[in-house]
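Notes for the one structure printed next.
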Amino acid sequence: MSRKTILLAALLGATLLLVAAACGGGGSSSSSSGEPSTEATTSGGGENEMASSGVLEGEVGPGFEIEVKQNGEDAEQVKAGPYTLQVEDKSDMHNFHLIGPGVDNTVTEVSFEGEKTVTVTLKKGTYTYQCDPHASGGMKGTFQVT
Ligand SMILES: [Cu+2]
């Protein structure tokens with residue numbers, strides 16, 4: 001009888017230790033997840049909103065590459081009007097910044113990685129897309145809006 005008590009006490013002690021270890025172990029894992037999800041997407045999200053006349057796809061990273069495509073091809077000339085710009089940011093070293101007539105939109109921040117969709121209204125002129133930290137090193141491009 002006294003043996004059983006000792007055994008139980010030992011088991012209880014082991015369990016407490018395990019619980020304590022489990023609680024103490026994972027305490028420092030939540031430091032990097034503090035990024036609030038800033039909503040830059042379009043409002044409401046109807047499939048058939050009349051505002052957007054076209055889609056442009058931006059891509060930056062994972063290397064020192066940045067590009068804008070329309071219908072799967074390098075966008076060099078696009079027609080003026082409202083566009084849905086879908087940016088895929090594949091690196092936390094780069095950002096995607098679109099600059100041109102009426103537009104100065106930092107679509108993704110440098111630390112951001114993932115996809116963001118914004119609506120832009122393009123007017124006639126030249127638009128530049130760039131990664132701000134590396135634009136001077138050539139990480140940029142342009143397209144014409146006609
Ligand atoms: Cu960059």
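We label chains A, B, ... in the order they appear in the structure tokens, count residues from 1 in each chain, and number ligands from 1 in the order shown.
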Taking only C-alpha atoms and all ligand atoms into account, which residues are within 8 Å of ligand 1, as a VMD selection string?
chain A and resid 60 to 61 64 to 65 93 to 95 110 130 to 135 139
Residues as selected, C-alpha atoms, written as a tab-separated table (two decimals), in the first residue's frame, can you do that?
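Saved to result-v4.tsv:
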chain	number	residue	atom	x	y	z
A	60	VAL	CA	8.90	40.89	-57.94
A	61	GLY	CA	11.58	38.54	-56.67
A	64	PHE	CA	16.54	40.88	-58.40
A	65	GLU	CA	13.72	40.77	-60.91
A	93	MET	CA	14.01	41.85	-49.70
A	94	HIS	CA	12.05	43.64	-52.40
A	95	ASN	CA	8.95	45.73	-52.79
A	110	VAL	CA	9.89	45.39	-48.57
A	130	GLN	CA	10.37	49.45	-59.31
A	131	CYS	CA	11.77	47.94	-56.18
A	132	ASP	CA	12.73	51.00	-54.15
A	133	PRO	CA	15.89	49.67	-52.45
A	134	HIS	CA	17.28	48.33	-55.71
A	135	ALA	CA	15.89	50.68	-58.34
A	139	MET	CA	15.49	46.75	-60.60
Atomic separation - atom CA of A:Pro101 relative to atom CA of A:Gly63, Å:
28.1 Å
Who sits within 8 Å of A:Phe112, only C-alpha atoms, same chain under 4 positions skipped, as an MDAnalysis selection string
chainID A and resid 89 91:92 95 108
Using Å and a single decimal, report how far atom CA of A:Ser53 sits from atom CA of A:Thr119.
10.5 Å
From a backbone DSSP assignment, name each residue in stretch 66-126 of chain A labelled strand (DSSP E or B), as an MDAnalysis selection string.
chainID A and resid 66:70 73:74 77:78 81:89 96:100 103:108 114:122 125:126
Give me, as a PDB file with N, CA and C atoms, in the first residue's frame, all polymer residues having an atom no more than 9 Å from A:Val145, counting only C-alpha atoms and skipping those fewer than 4 positions away in the same chain.
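Writing the result to selection05.pdb gives the following:
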ATOM      1  N   GLU A  76       4.169  46.324 -72.356  1.00  0.00           N
ATOM      2  CA  GLU A  76       4.955  47.453 -72.853  1.00  0.00           C
ATOM      3  C   GLU A  76       4.037  48.624 -73.166  1.00  0.00           C
ATOM      4  N   GLN A  77       2.889  48.294 -73.732  1.00  0.00           N
ATOM      5  CA  GLN A  77       1.884  49.327 -74.022  1.00  0.00           C
ATOM      6  C   GLN A  77       0.532  48.820 -73.562  1.00  0.00           C
ATOM      7  N   VAL A  78      -0.124  49.607 -72.759  1.00  0.00           N
ATOM      8  CA  VAL A  78      -1.478  49.243 -72.355  1.00  0.00           C
ATOM      9  C   VAL A  78      -2.378  50.448 -72.553  1.00  0.00           C
ATOM     10  N   LYS A  79      -3.652  50.189 -72.694  1.00  0.00           N
ATOM     11  CA  LYS A  79      -4.606  51.275 -72.905  1.00  0.00           C
ATOM     12  C   LYS A  79      -4.954  51.943 -71.573  1.00  0.00           C
ATOM     13  N   ALA A  80      -5.227  53.212 -71.651  1.00  0.00           N
ATOM     14  CA  ALA A  80      -5.614  53.943 -70.448  1.00  0.00           C
ATOM     15  C   ALA A  80      -6.916  53.387 -69.893  1.00  0.00           C
ATOM     16  N   GLY A  81      -7.048  53.494 -68.583  1.00  0.00           N
ATOM     17  CA  GLY A  81      -8.277  53.035 -67.960  1.00  0.00           C
ATOM     18  C   GLY A  81      -8.000  52.407 -66.611  1.00  0.00           C
ATOM     19  N   LEU A 122      -5.014  54.101 -64.877  1.00  0.00           N
ATOM     20  CA  LEU A 122      -3.856  54.500 -65.677  1.00  0.00           C
ATOM     21  C   LEU A 122      -4.260  55.543 -66.717  1.00  0.00           C
ATOM     22  N   LYS A 123      -3.433  56.578 -66.788  1.00  0.00           N
ATOM     23  CA  LYS A 123      -3.651  57.633 -67.777  1.00  0.00           C
ATOM     24  C   LYS A 123      -2.511  57.615 -68.781  1.00  0.00           C
ATOM     25  N   LYS A 124      -2.681  58.366 -69.844  1.00  0.00           N
ATOM     26  CA  LYS A 124      -1.651  58.384 -70.869  1.00  0.00           C
ATOM     27  C   LYS A 124      -0.322  58.846 -70.302  1.00  0.00           C
ATOM     28  N   GLY A 125       0.706  58.140 -70.656  1.00  0.00           N
ATOM     29  CA  GLY A 125       2.026  58.519 -70.177  1.00  0.00           C
ATOM     30  C   GLY A 125       2.878  57.293 -69.889  1.00  0.00           C
ATOM     31  N   THR A 126       3.955  57.550 -69.204  1.00  0.00           N
ATOM     32  CA  THR A 126       4.903  56.481 -68.895  1.00  0.00           C
ATOM     33  C   THR A 126       4.805  56.128 -67.415  1.00  0.00           C
ATOM     34  N   TYR A 127       4.685  54.867 -67.158  1.00  0.00           N
ATOM     35  CA  TYR A 127       4.643  54.371 -65.774  1.00  0.00           C
ATOM     36  C   TYR A 127       5.897  53.554 -65.483  1.00  0.00           C
TER      37      TYR A 127
END
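Note that atom CA of A:Gly137 and atom CA of A:Val120 are 26.1 Å apart.
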List the spatial neighbours of A:His97 as number ranges by chain - criterion: any atom at most 6 Å away, only C-alpha atoms, same-chain residues fewer than 5 positions off excluded.
A: 105-107, 129-130
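When only C-alpha atoms are used to compute distances to A:Leu98, the closest of the residues A:Val68, A:Glu59, A:Glu115, A:Thr128 turns out to be A:Thr128.
The closest residue to A:Ile99, picked from A:Val55, A:Ala75, A:Lys69, A:Thr121 and counting only C-alpha atoms, is A:Thr121.
Between A:Gly100 and the residues A:Thr84, A:Glu113, A:Glu57, A:Thr142, the shortest atom-to-atom distance, using only C-alpha atoms, involves A:Thr142.
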Between A:Thr146, A:Gly102, A:Gly54, A:Gly141, which has the minimum distance to A:Asp74 (counting only C-alpha atoms)?
A:Gly141
